[in-house]
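Enquirer: My questions will all concern the structure given below.
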Amino acid sequence: MTALHVASTPADAASAAPHLLLDGVSKRFGRHAVLSELTLSVNKGEFVCLLGPSGCGKTTLLRQIAGLDAPDAGRILLNGRDITRLPPAARDYGMVFQSYALFPNLDVAGNIAYGLGGRRADKQRRVSELLALIGLDDIAEKYPAQLSGGQQQRVALARALAVSPSLLLLDEPLSALDARVREHLRREIRALQQKLGVTTIMVTHDQEEALTMADRVVVMHGGRIEQCASPHTVYREPASRFVASFVGQGNWLAGRALGGQQAQLGERVLTLAQSHGLANGQPLSLFIRPEDLILHAGWSASRDADLAEVRKLELLGPIYRVGLHVPAWGGAEVQADLTHAQLAELELTPQRRVPLSLNLARLQVFAAEVAPCGA
Ligand SMILES: Nc1ncnc2c1ncn2[C@@H]1O[C@H](COP(=O)(O)OP(=O)(O)OP(=O)(O)O)[C@@H](O)[C@H]1O
Ligand SMILES: [Mg+2]
């Protein structure tokens, strides 16, 4: 009877549980708290990026998951199994590091087969499968020194995937590569990850990489998680001043809270999309992305516009970034992004004056007790 009961346990109960759970993980080095009660759950098949500045604890966190280091407190569960104290070999993951870390004395096939057991013929078959998977069928007999950086990282990826791990850990695998190869490999890794459905955690300090690759981005700062959300949400609705500054570009404007949903910006009174929840008179920081500033062709379009003077035009390829000085906003200097078509329509040139307003629906409001973090 018991056996029957166990067999009928709904499969969804297991699939609803996170594939990887970090529960209050803390780690100190001497007096320095590098990870502080970090909690994160990752679903099966998810691609999660750990994003944050140098020294925020990304690699340290990955090392706890890999068992290369042990946390001082907290638990790590993989597939419901507590792996916190298990040695690396008893966990079920593959890992790729920033530096290629291939064995220089082994050829590609030898590198990929390194962790594989079993019969020689089976190993050879698996190596061929993996080489086909990474699109490098013809390099099995080459040595790492004969490969480009991008090829070496693909081999490292194949080696990490050789034992079909349920978890793939990537620590800045693309950072040593040039921009073009990096962009190409981003797509390849993502496609491969989706094809195999392997749960993946990738560390990066490159926000573009995180935004383009991840299902969810975990923004870390000083050993804590500041925000854990989809790339869209992290970019559009940053949860903190730090996230707003670290991810993407933005303008910070010094304002003051007024009653209800209103805020003062220089001479202008803004009616915000949501209540700021701050006391009347309290200083606040208004945050707006360059693409959310609106430049108008004429005054009739908006009564909410103020006169801005064009200070600088900067070509960033597909868009122009326009530097503007706005006397009515307390003399603020802001940057607005425009397409080539918009720029031509507005006939913008340096010194030209143009009506400017804020897309209030996209304005983020933060209390201003500390200075904005550098972007
Ligand atoms: N073994 C160690 N002993 C002492 N301090 C350490 C050790 N490993 C890491 N740290 C410290 O912990 C902090 C976080 O390091 P970590 O390598 O996790 O940062 P990171 O986010 O991966 O940075 P980066 O982007 O530069 O790789 C740093 O201040 C680092 O000096
Ligand atoms: Mg690191």
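Going by the structure tokens order, chains are called A, B, ..., each with residues numbered from 1, while ligands are numbered from 1 in the order shown.
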Name the residues, by chain letter and number, that sit within 9 Å of ligand 2 using only C-alpha atoms and all ligand atoms, and give them as a PyMOL selection string.
Expert: chain A and resi 54-60+62+98+171-172+203-205
Enquirer: Take the residues from that selection and put them in a file with N, CA and C atoms, as a short mmCIF file (atom, residue, chain, number, x, y, z; two decimals), in the first residue's frame.
Expert:
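Resulting contents of again_2.cif:
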```cif
data_model
loop_
_atom_site.label_atom_id
_atom_site.label_comp_id
_atom_site.auth_asym_id
_atom_site.auth_seq_id
_atom_site.Cartn_x
_atom_site.Cartn_y
_atom_site.Cartn_z
N SER A 54 32.78 44.15 -9.59
CA SER A 54 33.91 43.35 -9.11
C SER A 54 33.93 43.33 -7.59
N GLY A 55 34.10 42.15 -7.02
CA GLY A 55 34.22 42.03 -5.56
C GLY A 55 32.90 41.88 -4.82
N CYS A 56 31.76 41.80 -5.54
CA CYS A 56 30.47 41.75 -4.83
C CYS A 56 30.13 40.34 -4.35
N GLY A 57 30.94 39.36 -4.73
CA GLY A 57 30.73 38.00 -4.20
C GLY A 57 30.19 36.99 -5.20
N LYS A 58 30.22 37.30 -6.49
CA LYS A 58 29.65 36.41 -7.50
C LYS A 58 30.38 35.07 -7.55
N THR A 59 31.71 35.16 -7.68
CA THR A 59 32.49 33.92 -7.77
C THR A 59 32.40 33.15 -6.46
N THR A 60 32.41 33.87 -5.36
CA THR A 60 32.31 33.20 -4.05
C THR A 60 31.00 32.42 -3.98
N LEU A 62 29.26 31.19 -6.51
CA LEU A 62 29.35 30.04 -7.42
C LEU A 62 30.19 28.92 -6.80
N GLN A 98 36.48 31.48 -16.26
CA GLN A 98 36.85 32.60 -17.11
C GLN A 98 38.05 32.26 -18.00
N ASP A 171 31.46 30.81 -14.90
CA ASP A 171 32.01 32.00 -14.24
C ASP A 171 32.69 32.89 -15.27
N GLU A 172 32.00 33.90 -15.74
CA GLU A 172 32.51 34.83 -16.75
C GLU A 172 33.18 34.10 -17.90
N VAL A 203 27.87 33.73 -14.10
CA VAL A 203 28.36 34.96 -13.47
C VAL A 203 28.84 35.91 -14.54
N THR A 204 28.48 37.16 -14.41
CA THR A 204 29.02 38.16 -15.33
C THR A 204 29.02 39.53 -14.65
N HIS A 205 29.95 40.40 -15.07
CA HIS A 205 29.76 41.77 -14.61
C HIS A 205 29.37 42.67 -15.79
#
```
Enquirer: Hey, which residues come within 12 Å of ligand 1 if we count only C-alpha atoms and all ligand atoms? Could you give them as a PyMOL selection string?
Expert: chain A and resi 26-36+50-64+68-70+97-99+170-173+175+202-207+219-225
Enquirer: Selected residues, C-alpha atoms, written as an mmCIF file, in the first residue's frame, please.
Expert:
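Okay, this is what ended up in result_1.cif:
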```cif
data_model
loop_
_atom_site.group_PDB
_atom_site.id
_atom_site.type_symbol
_atom_site.label_atom_id
_atom_site.label_comp_id
_atom_site.auth_asym_id
_atom_site.auth_seq_id
_atom_site.Cartn_x
_atom_site.Cartn_y
_atom_site.Cartn_z
ATOM 1 C CA SER A 26 26.566 33.369 4.347
ATOM 2 C CA LYS A 27 30.315 33.414 3.916
ATOM 3 C CA ARG A 28 33.035 35.427 5.629
ATOM 4 C CA PHE A 29 36.710 35.735 4.892
ATOM 5 C CA GLY A 30 38.210 36.884 8.203
ATOM 6 C CA ARG A 31 36.161 39.899 9.281
ATOM 7 C CA HIS A 32 34.860 40.518 5.786
ATOM 8 C CA ALA A 33 31.282 39.288 5.203
ATOM 9 C CA VAL A 34 31.387 38.394 1.509
ATOM 10 C CA LEU A 35 27.936 36.745 1.305
ATOM 11 C CA SER A 36 25.196 37.816 3.694
ATOM 12 C CA LEU A 50 24.547 36.706 -11.345
ATOM 13 C CA LEU A 51 25.362 40.306 -12.195
ATOM 14 C CA GLY A 52 27.327 42.743 -10.085
ATOM 15 C CA PRO A 53 30.492 44.799 -9.802
ATOM 16 C CA SER A 54 33.907 43.350 -9.114
ATOM 17 C CA GLY A 55 34.218 42.027 -5.562
ATOM 18 C CA CYS A 56 30.468 41.747 -4.828
ATOM 19 C CA GLY A 57 30.730 37.999 -4.200
ATOM 20 C CA LYS A 58 29.648 36.409 -7.496
ATOM 21 C CA THR A 59 32.494 33.924 -7.774
ATOM 22 C CA THR A 60 32.310 33.203 -4.053
ATOM 23 C CA LEU A 61 28.644 32.289 -4.437
ATOM 24 C CA LEU A 62 29.348 30.039 -7.416
ATOM 25 C CA ARG A 63 32.121 28.319 -5.454
ATOM 26 C CA GLN A 64 29.705 27.518 -2.621
ATOM 27 C CA LEU A 68 34.902 24.394 -3.896
ATOM 28 C CA ASP A 69 34.276 26.292 -0.686
ATOM 29 C CA ALA A 70 31.839 25.796 2.206
ATOM 30 C CA PHE A 97 35.772 29.258 -15.734
ATOM 31 C CA GLN A 98 36.850 32.599 -17.112
ATOM 32 C CA SER A 99 40.299 31.359 -18.137
ATOM 33 C CA LEU A 170 29.652 29.450 -15.775
ATOM 34 C CA ASP A 171 32.014 32.002 -14.238
ATOM 35 C CA GLU A 172 32.509 34.830 -16.745
ATOM 36 C CA PRO A 173 33.119 32.337 -19.570
ATOM 37 C CA SER A 175 35.084 37.865 -20.600
ATOM 38 C CA MET A 202 26.266 32.313 -15.194
ATOM 39 C CA VAL A 203 28.356 34.958 -13.466
ATOM 40 C CA THR A 204 29.020 38.162 -15.327
ATOM 41 C CA HIS A 205 29.756 41.770 -14.614
ATOM 42 C CA ASP A 206 28.613 42.694 -18.110
ATOM 43 C CA GLN A 207 25.048 43.962 -17.861
ATOM 44 C CA VAL A 219 21.815 41.820 -9.253
ATOM 45 C CA MET A 220 24.329 41.529 -6.421
ATOM 46 C CA HIS A 221 25.949 44.287 -4.406
ATOM 47 C CA GLY A 222 28.190 43.870 -1.381
ATOM 48 C CA GLY A 223 27.298 40.205 -0.873
ATOM 49 C CA ARG A 224 23.545 40.777 -1.005
ATOM 50 C CA ILE A 225 20.899 40.390 -3.668
#
```
Enquirer: Which residues come within 6 Å of region 181-198 of chain A, counting only C-alpha atoms, excluding same-chain residues fewer than 6 positions away, as number ranges by chain?
Expert: A: 45, 166, 174
Enquirer: Show me, as a list in words, the residues that have an atom within 9 Å of region 241-247 of chain A when counting only C-alpha atoms, minus same-chain residues fewer than 5 positions from it.
Expert: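 Non-adjacent residues within range: Gly52, Pro53, Gln207, Glu208, Leu211, Val219, Met220, His221, Glu226, Gln227, Val234, Tyr235, Arg236, Ser285, Phe287, Gln364, Phe366, Ala367, Pro372, Cys373, Gly374 and Ala375 of chain A.
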Enquirer: Choose the residue, out of A:Arg180, A:Arg159, A:Arg75, A:Arg321, that has the smallest atom-to-atom separation from Asp337 (chain A); count only C-alpha atoms.
Expert: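 That would be A:Arg321, the residue with the smallest distance to Asp337 (chain A).
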